$ cat query-v2.cif   # mmCIF, C-alpha atoms
data_my_file
#
loop_
_atom_site.label_atom_id
_atom_site.label_comp_id
_atom_site.auth_asym_id
_atom_site.auth_seq_id
_atom_site.Cartn_x
_atom_site.Cartn_y
_atom_site.Cartn_z
CA MET A 3 4.09 -7.52 41.75
CA ALA A 4 1.47 -10.24 41.91
CA PHE A 5 -1.32 -7.71 41.30
CA VAL A 6 0.36 -5.74 38.53
CA THR A 7 -1.40 -6.35 35.24
CA ASP A 8 0.29 -7.06 31.91
CA ARG A 9 -0.79 -3.66 30.67
CA LYS A 10 0.63 -1.88 33.74
CA ARG A 11 4.01 -3.46 33.17
CA ALA A 12 3.96 -2.52 29.48
CA VAL A 13 2.94 1.15 29.94
CA GLY A 14 5.79 3.56 29.27
CA LEU A 15 7.96 1.08 27.44
CA GLY A 16 6.97 2.49 24.04
CA SER A 17 6.05 0.51 20.97
CA ALA A 18 8.13 -2.30 19.52
CA LYS A 19 8.56 -0.07 16.40
CA GLU A 20 7.96 -3.02 14.08
CA GLY A 21 4.23 -3.62 14.44
CA THR A 22 3.43 -3.10 10.77
CA HIS A 23 6.12 -5.38 9.37
CA HIS A 24 4.10 -8.58 9.78
CA PHE A 25 1.01 -6.95 8.27
CA TRP A 26 2.97 -5.56 5.32
CA SER A 27 4.73 -8.85 4.55
CA MET A 28 1.35 -10.63 4.54
CA THR A 29 -0.07 -7.93 2.22
CA VAL A 30 2.84 -8.21 -0.21
CA SER A 31 2.81 -12.02 -0.28
CA SER A 32 -1.00 -12.07 -0.71
CA VAL A 33 -0.77 -9.83 -3.78
CA GLY A 34 1.97 -12.09 -5.17
CA LEU A 35 -0.17 -15.15 -4.52
CA LEU A 36 -3.11 -13.51 -6.30
CA ILE A 37 -1.05 -13.86 -9.47
CA LEU A 38 0.62 -17.18 -8.62
CA VAL A 39 -2.42 -19.17 -7.42
CA PRO A 40 -4.32 -19.21 -10.75
CA LEU A 41 -1.08 -19.83 -12.68
CA PHE A 42 -0.17 -22.73 -10.38
CA ILE A 43 -3.67 -24.29 -10.40
CA PHE A 44 -3.71 -24.37 -14.20
CA THR A 45 -0.13 -25.64 -14.61
CA PHE A 46 0.06 -28.12 -11.72
CA GLY A 47 -3.58 -29.27 -11.93
CA PRO A 48 -3.47 -30.90 -15.40
CA MET A 49 -0.27 -32.76 -14.40
CA LEU A 50 -1.86 -34.42 -11.39
CA GLY A 51 -2.43 -38.09 -12.26
CA GLU A 52 -0.16 -37.98 -15.33
CA PRO A 53 2.61 -40.60 -15.76
CA HIS A 54 6.09 -39.92 -14.36
CA GLU A 55 7.78 -39.14 -17.72
CA ALA A 56 5.08 -36.62 -18.64
CA VAL A 57 5.35 -34.86 -15.25
CA VAL A 58 9.16 -34.66 -15.41
CA ALA A 59 9.10 -33.42 -19.02
CA TYR A 60 6.46 -30.77 -18.22
CA PHE A 61 8.22 -29.33 -15.15
CA ALA A 62 11.54 -29.30 -17.03
CA ARG A 63 10.02 -26.42 -19.07
CA PRO A 64 10.83 -22.92 -17.77
CA PHE A 65 7.34 -21.50 -17.20
CA PRO A 66 5.75 -24.37 -15.20
CA ALA A 67 8.98 -24.82 -13.21
CA ILE A 68 9.28 -21.13 -12.31
CA VAL A 69 5.57 -20.86 -11.40
CA ALA A 70 5.78 -23.97 -9.18
CA ALA A 71 9.00 -22.73 -7.50
CA LEU A 72 7.52 -19.27 -6.81
CA MET A 73 4.24 -20.79 -5.59
CA ILE A 74 6.06 -22.99 -3.06
CA LEU A 75 8.35 -20.15 -1.92
CA VAL A 76 5.74 -17.39 -1.58
CA GLY A 77 3.01 -19.79 -0.44
CA PHE A 78 4.99 -21.18 2.47
CA MET A 79 6.30 -17.71 3.47
CA HIS A 80 2.64 -16.57 3.57
CA PHE A 81 1.74 -19.70 5.58
CA LYS A 82 4.61 -18.96 8.00
CA GLY A 83 3.15 -15.51 8.74
CA GLY A 84 -0.46 -16.68 8.83
CA VAL A 85 0.04 -19.66 11.11
CA GLN A 86 2.04 -17.46 13.50
CA THR A 87 -1.04 -15.27 13.96
CA LEU A 88 -3.15 -18.38 14.56
CA ILE A 89 -0.71 -19.67 17.19
CA GLU A 90 -0.45 -16.27 18.91
CA ASP A 91 -4.25 -16.04 19.13
CA TYR A 92 -4.82 -19.35 20.89
CA THR A 93 -1.65 -20.21 22.85
CA GLY A 94 0.81 -18.58 25.23
CA GLY A 95 4.12 -19.07 27.00
CA MET A 96 6.38 -21.97 26.06
CA THR A 97 3.68 -23.65 23.95
CA ARG A 98 3.46 -20.54 21.80
CA LYS A 99 7.23 -20.31 21.36
CA ALA A 100 7.59 -24.01 20.55
CA LEU A 101 4.75 -23.95 17.99
CA ILE A 102 6.02 -20.77 16.28
CA ILE A 103 9.58 -22.15 16.03
CA GLY A 104 8.20 -25.49 14.79
CA SER A 105 6.03 -23.84 12.13
CA ILE A 106 8.93 -21.66 10.92
CA CYS A 107 11.17 -24.75 10.64
CA LEU A 108 8.42 -26.64 8.80
CA SER A 109 7.90 -23.74 6.36
CA TYR A 110 11.59 -23.42 5.48
CA ALA A 111 11.97 -27.21 5.23
CA ALA A 112 9.04 -27.37 2.80
CA ILE A 113 10.47 -24.47 0.75
CA ALA A 114 13.93 -26.08 0.58
CA THR A 115 12.47 -29.48 -0.34
CA GLY A 116 10.15 -28.06 -3.00
CA LEU A 117 12.82 -25.86 -4.61
CA PHE A 118 15.34 -28.73 -4.56
CA ALA A 119 12.83 -31.06 -6.22
CA ILE A 120 11.87 -28.57 -8.94
CA ALA A 121 15.51 -27.66 -9.59
CA ARG A 122 16.39 -31.34 -9.94
CA ILE A 123 13.49 -31.94 -12.36
CA ALA A 124 14.18 -28.80 -14.38
CA LEU A 125 17.99 -28.95 -14.64
CA MET B 3 5.75 -14.21 33.07
CA ALA B 4 3.29 -12.61 30.67
CA ASP B 5 0.31 -14.37 32.20
CA VAL B 6 1.00 -14.12 35.94
CA ASN B 7 -2.23 -12.33 36.72
CA ARG B 8 -4.54 -13.46 33.91
CA GLY B 9 -6.38 -16.22 35.70
CA ASN B 10 -8.17 -14.29 38.42
CA ARG B 11 -9.12 -11.19 36.47
CA PRO B 12 -12.52 -10.77 34.78
CA LEU B 13 -12.64 -11.22 31.02
CA SER B 14 -14.78 -9.22 28.59
CA PRO B 15 -17.65 -11.09 26.87
CA HIS B 16 -16.14 -13.00 23.97
CA LEU B 17 -17.14 -14.93 20.82
CA THR B 18 -19.44 -17.32 22.69
CA ILE B 19 -22.05 -14.65 23.49
CA TYR B 20 -22.63 -13.57 19.88
CA ARG B 21 -25.12 -15.05 17.41
CA PRO B 22 -23.25 -16.38 14.36
CA GLN B 23 -23.07 -13.72 11.64
CA LEU B 24 -22.07 -14.01 8.00
CA THR B 25 -19.14 -11.64 8.53
CA SER B 26 -17.72 -13.57 11.49
CA MET B 27 -18.33 -16.99 9.90
CA THR B 28 -16.63 -16.02 6.62
CA SER B 29 -13.73 -14.56 8.65
CA ILE B 30 -13.31 -17.78 10.66
CA LEU B 31 -13.52 -19.78 7.42
CA THR B 32 -10.66 -17.68 6.01
CA ARG B 33 -8.46 -18.73 8.91
CA ILE B 34 -9.50 -22.39 8.71
CA THR B 35 -8.98 -22.66 4.93
CA GLY B 36 -5.62 -20.86 5.04
CA ASN B 37 -4.16 -23.04 7.76
CA ALA B 38 -5.73 -26.31 6.58
CA LEU B 39 -4.02 -25.81 3.20
CA ILE B 40 -0.81 -27.01 4.88
CA VAL B 41 -2.03 -30.61 4.34
CA GLY B 42 -2.46 -30.27 0.57
CA ALA B 43 0.68 -28.12 0.30
CA LEU B 44 2.88 -30.74 1.99
CA LEU B 45 1.34 -33.46 -0.20
CA VAL B 46 2.24 -31.41 -3.30
CA VAL B 47 5.83 -30.87 -2.05
CA TRP B 48 6.12 -34.62 -1.43
CA TRP B 49 4.77 -35.28 -4.94
CA PHE B 50 7.43 -32.97 -6.46
CA LEU B 51 10.21 -34.56 -4.38
CA ALA B 52 9.08 -38.05 -5.44
CA ALA B 53 8.96 -36.97 -9.10
CA ALA B 54 12.52 -35.66 -8.77
CA THR B 55 13.76 -38.83 -7.04
CA SER B 56 12.72 -41.91 -9.07
CA PRO B 57 9.78 -43.48 -10.94
CA GLU B 58 9.30 -45.84 -7.97
CA SER B 59 8.96 -43.10 -5.33
CA PHE B 60 6.75 -41.15 -7.75
CA ALA B 61 4.45 -44.18 -8.01
CA VAL B 62 4.03 -44.15 -4.20
CA ALA B 63 3.36 -40.41 -3.87
CA ASP B 64 1.17 -40.29 -6.96
CA GLY B 65 -0.74 -43.35 -5.69
CA VAL B 66 -1.53 -41.55 -2.42
CA ILE B 67 -2.40 -38.18 -3.99
CA THR B 68 -4.68 -39.75 -6.66
CA SER B 69 -6.38 -42.27 -4.32
CA TRP B 70 -9.98 -41.55 -3.28
CA PHE B 71 -8.62 -39.99 -0.07
CA GLY B 72 -6.03 -37.98 -2.02
CA ASP B 73 -8.74 -36.81 -4.42
CA LEU B 74 -10.87 -35.72 -1.46
CA VAL B 75 -7.97 -33.80 0.11
CA MET B 76 -6.97 -32.17 -3.19
CA THR B 77 -10.57 -31.23 -4.09
CA LEU B 78 -11.15 -29.68 -0.65
CA SER B 79 -7.74 -27.97 -0.94
CA LEU B 80 -8.74 -26.55 -4.33
CA TRP B 81 -11.90 -25.09 -2.80
CA ALA B 82 -9.94 -23.84 0.24
CA LEU B 83 -7.40 -22.19 -2.06
CA TRP B 84 -10.10 -20.40 -4.08
CA TYR B 85 -12.01 -19.40 -0.95
CA HIS B 86 -8.86 -18.10 0.78
CA THR B 87 -7.88 -16.24 -2.42
CA LEU B 88 -11.29 -14.52 -2.69
CA ALA B 89 -11.31 -13.76 1.04
CA GLY B 90 -7.80 -12.34 0.60
CA ILE B 91 -9.06 -10.02 -2.14
CA ARG B 92 -11.81 -8.93 0.26
CA HIS B 93 -9.16 -8.11 2.87
CA LEU B 94 -7.11 -6.13 0.33
CA ILE B 95 -10.27 -4.12 -0.50
CA TRP B 96 -10.98 -3.56 3.21
CA ASP B 97 -7.36 -2.46 3.75
CA THR B 98 -8.02 0.52 1.46
CA GLY B 99 -10.86 1.59 3.75
CA ARG B 100 -13.60 0.62 1.26
CA ALA B 101 -16.60 -1.76 1.58
CA LEU B 102 -16.51 -1.78 5.38
CA ASP B 103 -20.26 -1.11 5.88
CA ILE B 104 -22.23 -4.20 6.89
CA PRO B 105 -24.44 -4.65 3.76
CA THR B 106 -21.41 -4.46 1.44
CA ALA B 107 -19.28 -6.65 3.72
CA GLU B 108 -22.06 -9.28 3.73
CA LYS B 109 -22.38 -9.12 -0.07
CA LEU B 110 -18.64 -9.72 -0.34
CA GLY B 111 -19.01 -12.63 2.11
CA TRP B 112 -21.59 -14.29 -0.14
CA ALA B 113 -19.32 -13.55 -3.11
CA CYS B 114 -16.51 -15.45 -1.35
CA ILE B 115 -18.72 -18.46 -0.60
CA GLY B 116 -20.50 -18.59 -3.98
CA GLY B 117 -17.45 -17.59 -5.98
CA SER B 118 -15.23 -20.24 -4.39
CA VAL B 119 -17.76 -23.01 -5.14
CA VAL B 120 -18.23 -21.84 -8.74
CA LEU B 121 -14.46 -21.50 -9.32
CA THR B 122 -13.85 -24.96 -7.83
CA ILE B 123 -16.42 -26.59 -10.15
CA LEU B 124 -15.11 -24.67 -13.18
CA THR B 125 -11.52 -25.67 -12.33
CA LEU B 126 -12.47 -29.34 -11.97
CA LEU B 127 -14.27 -29.19 -15.32
CA ALA B 128 -11.36 -27.39 -17.02
CA ILE B 129 -8.50 -29.66 -15.92
#

$ encode --input "query-v2.cif" --output "structure tokens"
Amino acid sequence: MAFVTDRKRAVGLGSAKEGTHHFWSMTVSSVGLLILVPLFIFTFGPMLGEPHEAVVAYFARPFPAIVAALMILVGFMHFKGGVQTLIEDYTGGMTRKALIIGSICLSYAAIATGLFAIARIAL
Amino acid sequence: MADVNRGNRPLSPHLTIYRPQLTSMTSILTRITGNALIVGALLVVWWFLAAATSPESFAVADGVITSWFGDLVMTLSLWALWYHTLAGIRHLIWDTGRALDIPTAEKLGWACIGGSVVLTILTLLAI
């Protein structure tokens, strides 16, 4: 057993049958972000540095609120997939598992916080 | 379990033996910009939460995000976002099987670098 390689142990087990899912979800979210990124830059950008009342009034409008909500949702889902690839490339074992779980928790926490904030401003 | 026999087996030559190339550097930059954007993204989420909470908490978050350090982070994030977006377009083109020859790939690499700088300056001028 000590001399059996990783590959030798994997041969014959077949594929995981879900190898393209990660790739496809990154492709879909990247196309979505292609639309969302410019919209977000030019709605959020001008509001940066504005007084509190102006910011709240602006993001109470449907279009800026929906763009910001979608940007946070799709952006962090894309980050969740991307950072997982980064972690898998440079770490292994328990470190890898802990970092992947941590990054997934962080992504969902940021999505929930962002959507809550925008909903509270907009409604 | 997965790595029981990794340590004492020979490894193929890796990144360290190659001269830096435009294609590899722009690829590494795509990874760095994408993952580094977490800093700016969390700042923006905090800014939204503070705006939703009270004028006092907004003053704190807005103070941080518009300080000289906040400006630096947000400006670099803006460039990172444009660079990662252009590099993402390059990947979507590659995914169709096009532009994979080295001269075209290098042209697209320069387009990512130059385009991201130009878009960042134009954005800063526009907003």

$ atom_distance --input "query-v2.cif" --atom1 "atom CA of Asp64 of chain B" --atom2 "atom CA of Thr125 of chain B"
20.1 Å

$ closest_atom_pairs --input "query-v2.cif" --of "chain A" --to "chain B" --cutoff "6 Å" --atoms "all atoms listed in the file" --output "Markdown table"
| residue | atom | partner | partner_atom | distance |
| --- | --- | --- | --- | --- |
| A:Pro48 | CA | B:Ile129 | CA | 5.2 |
| A:Gly116 | CA | B:Val47 | CA | 5.2 |
| A:Ala119 | CA | B:Leu51 | CA | 4.7 |
| A:Arg122 | CA | B:Ala54 | CA | 5.9 |
| A:Ile123 | CA | B:Ala54 | CA | 5.3 |

$ resolve_selection --input "query-v2.cif" --expression "the PyMOL selection byres ((chain A and resi 72) around 10)" --output "PyMOL selection string"
chain A and resi 34-35+38-39+42+66-71+73-78+113+116-117

$ closest_residue --input "query-v2.cif" --among "B:Ile19, B:Ala89, B:Val66, B:Leu78" --to "Gly51 of chain A" --atoms "all atoms listed in the file"
B:Val66

$ axis_aligned_box --input "query-v2.cif" --around "segment 14-18 of chain B" --padding-each-side "8 Å" --output "lines of an AutoDock Vina configuration file"
center_x = -17.1
center_y = -13.3
center_z = 24.7
size_x = 20.7
size_y = 24.1
size_z = 23.8

$ residues_around --input "query-v2.cif" --residues "segment 105-110 of chain B" --least-positions-apart "4" --cutoff "12 Å" --atoms "all atoms listed in the file" --output "ChimeraX atom specification"
/B:23-29,85,88-93,95-96,99-101,114-118

$ write_last_selection --input "query-v2.cif" --atoms "C-alpha atoms" --output "PDB file, keeping the file's coordinate frame"
ATOM      1  CA  GLN B  23     -23.070 -13.720  11.640  1.00  0.00           C
ATOM      2  CA  LEU B  24     -22.070 -14.010   8.000  1.00  0.00           C
ATOM      3  CA  THR B  25     -19.140 -11.640   8.530  1.00  0.00           C
ATOM      4  CA  SER B  26     -17.720 -13.570  11.490  1.00  0.00           C
ATOM      5  CA  MET B  27     -18.330 -16.990   9.900  1.00  0.00           C
ATOM      6  CA  THR B  28     -16.630 -16.020   6.620  1.00  0.00           C
ATOM      7  CA  SER B  29     -13.730 -14.560   8.650  1.00  0.00           C
ATOM      8  CA  TYR B  85     -12.010 -19.400  -0.950  1.00  0.00           C
ATOM      9  CA  LEU B  88     -11.290 -14.520  -2.690  1.00  0.00           C
ATOM     10  CA  ALA B  89     -11.310 -13.760   1.040  1.00  0.00           C
ATOM     11  CA  GLY B  90      -7.800 -12.340   0.600  1.00  0.00           C
ATOM     12  CA  ILE B  91      -9.060 -10.020  -2.140  1.00  0.00           C
ATOM     13  CA  ARG B  92     -11.810  -8.930   0.260  1.00  0.00           C
ATOM     14  CA  HIS B  93      -9.160  -8.110   2.870  1.00  0.00           C
ATOM     15  CA  ILE B  95     -10.270  -4.120  -0.500  1.00  0.00           C
ATOM     16  CA  TRP B  96     -10.980  -3.560   3.210  1.00  0.00           C
ATOM     17  CA  GLY B  99     -10.860   1.590   3.750  1.00  0.00           C
ATOM     18  CA  ARG B 100     -13.600   0.620   1.260  1.00  0.00           C
ATOM     19  CA  ALA B 101     -16.600  -1.760   1.580  1.00  0.00           C
ATOM     20  CA  CYS B 114     -16.510 -15.450  -1.350  1.00  0.00           C
ATOM     21  CA  ILE B 115     -18.720 -18.460  -0.600  1.00  0.00           C
ATOM     22  CA  GLY B 116     -20.500 -18.590  -3.980  1.00  0.00           C
ATOM     23  CA  GLY B 117     -17.450 -17.590  -5.980  1.00  0.00           C
ATOM     24  CA  SER B 118     -15.230 -20.240  -4.390  1.00  0.00           C
TER      25      SER B 118
END

$ atom_distance --input "query-v2.cif" --atom1 "atom CA of Phe44 of chain A" --atom2 "atom CA of Ala124 of chain A"
18.4 Å

$ residues_around --input "query-v2.cif" --residues "Gln86 of chain A" --least-positions-apart "3" --cutoff "6 Å" --atoms "only C-alpha atoms" --output "VMD selection string"
chain A and resid 83 89 102

$ residues_around --input "query-v2.cif" --residues "Met49 of chain A" --least-positions-apart "6" --cutoff "10 Å" --atoms "all atoms listed in the file" --output "list in words"
Ile43, Ala56, Val57, Val58, Tyr60 and Phe61 of chain A; Ile129 of chain B

$ decode --input "query-v2.cif" --residues "segment 18-86 of chain A" --atoms "C-alpha atoms" --output "PDB file, in the first residue's frame"
ATOM      1  CA  ALA A  18     -16.893  11.555 -10.906  1.00  0.00           C
ATOM      2  CA  LYS A  19     -19.477  12.328 -13.649  1.00  0.00           C
ATOM      3  CA  GLU A  20     -19.666  15.979 -12.604  1.00  0.00           C
ATOM      4  CA  GLY A  21     -16.357  17.361 -13.849  1.00  0.00           C
ATOM      5  CA  THR A  22     -17.899  19.981 -16.116  1.00  0.00           C
ATOM      6  CA  HIS A  23     -20.329  21.428 -13.585  1.00  0.00           C
ATOM      7  CA  HIS A  24     -17.788  23.747 -11.959  1.00  0.00           C
ATOM      8  CA  PHE A  25     -16.529  24.928 -15.351  1.00  0.00           C
ATOM      9  CA  TRP A  26     -20.063  25.549 -16.627  1.00  0.00           C
ATOM     10  CA  SER A  27     -21.175  27.474 -13.527  1.00  0.00           C
ATOM     11  CA  MET A  28     -18.088  29.713 -13.835  1.00  0.00           C
ATOM     12  CA  THR A  29     -18.864  30.264 -17.544  1.00  0.00           C
ATOM     13  CA  VAL A  30     -22.489  31.190 -16.860  1.00  0.00           C
ATOM     14  CA  SER A  31     -21.663  33.525 -13.967  1.00  0.00           C
ATOM     15  CA  SER A  32     -18.865  35.177 -15.988  1.00  0.00           C
ATOM     16  CA  VAL A  33     -21.272  35.983 -18.833  1.00  0.00           C
ATOM     17  CA  GLY A  34     -23.735  37.388 -16.288  1.00  0.00           C
ATOM     18  CA  LEU A  35     -20.986  39.492 -14.725  1.00  0.00           C
ATOM     19  CA  LEU A  36     -20.013  40.813 -18.158  1.00  0.00           C
ATOM     20  CA  ILE A  37     -23.363  42.606 -18.144  1.00  0.00           C
ATOM     21  CA  LEU A  38     -23.480  43.391 -14.413  1.00  0.00           C
ATOM     22  CA  VAL A  39     -19.942  44.769 -13.903  1.00  0.00           C
ATOM     23  CA  PRO A  40     -20.303  47.863 -16.150  1.00  0.00           C
ATOM     24  CA  LEU A  41     -23.831  48.508 -14.834  1.00  0.00           C
ATOM     25  CA  PHE A  42     -22.619  48.262 -11.233  1.00  0.00           C
ATOM     26  CA  ILE A  43     -19.502  50.417 -11.776  1.00  0.00           C
ATOM     27  CA  PHE A  44     -21.587  53.230 -13.248  1.00  0.00           C
ATOM     28  CA  THR A  45     -24.391  53.050 -10.660  1.00  0.00           C
ATOM     29  CA  PHE A  46     -22.372  52.375  -7.497  1.00  0.00           C
ATOM     30  CA  GLY A  47     -19.336  54.475  -8.505  1.00  0.00           C
ATOM     31  CA  PRO A  48     -21.020  57.913  -8.577  1.00  0.00           C
ATOM     32  CA  MET A  49     -22.594  57.198  -5.159  1.00  0.00           C
ATOM     33  CA  LEU A  50     -19.263  56.562  -3.465  1.00  0.00           C
ATOM     34  CA  GLY A  51     -18.491  59.591  -1.267  1.00  0.00           C
ATOM     35  CA  GLU A  52     -22.049  60.960  -1.453  1.00  0.00           C
ATOM     36  CA  PRO A  53     -23.920  61.872   1.770  1.00  0.00           C
ATOM     37  CA  HIS A  54     -26.053  59.249   3.531  1.00  0.00           C
ATOM     38  CA  GLU A  55     -29.460  60.630   2.430  1.00  0.00           C
ATOM     39  CA  ALA A  56     -28.390  60.721  -1.219  1.00  0.00           C
ATOM     40  CA  VAL A  57     -27.082  57.127  -1.091  1.00  0.00           C
ATOM     41  CA  VAL A  58     -30.245  55.801   0.585  1.00  0.00           C
ATOM     42  CA  ALA A  59     -32.508  57.697  -1.846  1.00  0.00           C
ATOM     43  CA  TYR A  60     -30.542  56.436  -4.874  1.00  0.00           C
ATOM     44  CA  PHE A  61     -30.533  52.753  -3.884  1.00  0.00           C
ATOM     45  CA  ALA A  62     -34.238  52.949  -3.015  1.00  0.00           C
ATOM     46  CA  ARG A  63     -34.811  53.224  -6.798  1.00  0.00           C
ATOM     47  CA  PRO A  64     -35.501  49.908  -8.576  1.00  0.00           C
ATOM     48  CA  PHE A  65     -32.714  49.855 -11.178  1.00  0.00           C
ATOM     49  CA  PRO A  66     -29.687  50.680  -8.954  1.00  0.00           C
ATOM     50  CA  ALA A  67     -31.035  48.391  -6.210  1.00  0.00           C
ATOM     51  CA  ILE A  68     -31.581  45.427  -8.543  1.00  0.00           C
ATOM     52  CA  VAL A  69     -28.174  45.894 -10.227  1.00  0.00           C
ATOM     53  CA  ALA A  70     -26.407  46.070  -6.839  1.00  0.00           C
ATOM     54  CA  ALA A  71     -28.293  43.008  -5.526  1.00  0.00           C
ATOM     55  CA  LEU A  72     -27.494  40.951  -8.649  1.00  0.00           C
ATOM     56  CA  MET A  73     -23.854  42.109  -8.621  1.00  0.00           C
ATOM     57  CA  ILE A  74     -23.395  40.970  -5.010  1.00  0.00           C
ATOM     58  CA  LEU A  75     -25.206  37.657  -5.609  1.00  0.00           C
ATOM     59  CA  VAL A  76     -23.544  36.660  -8.899  1.00  0.00           C
ATOM     60  CA  GLY A  77     -20.199  38.219  -7.944  1.00  0.00           C
ATOM     61  CA  PHE A  78     -19.835  36.255  -4.729  1.00  0.00           C
ATOM     62  CA  MET A  79     -21.071  33.009  -6.349  1.00  0.00           C
ATOM     63  CA  HIS A  80     -18.360  33.521  -9.001  1.00  0.00           C
ATOM     64  CA  PHE A  81     -15.820  34.247  -6.238  1.00  0.00           C
ATOM     65  CA  LYS A  82     -16.899  31.058  -4.416  1.00  0.00           C
ATOM     66  CA  GLY A  83     -16.086  28.972  -7.499  1.00  0.00           C
ATOM     67  CA  GLY A  84     -12.900  30.856  -8.356  1.00  0.00           C
ATOM     68  CA  VAL A  85     -11.353  30.819  -4.904  1.00  0.00           C
ATOM     69  CA  GLN A  86     -12.087  27.083  -4.647  1.00  0.00           C
TER      70      GLN A  86
END
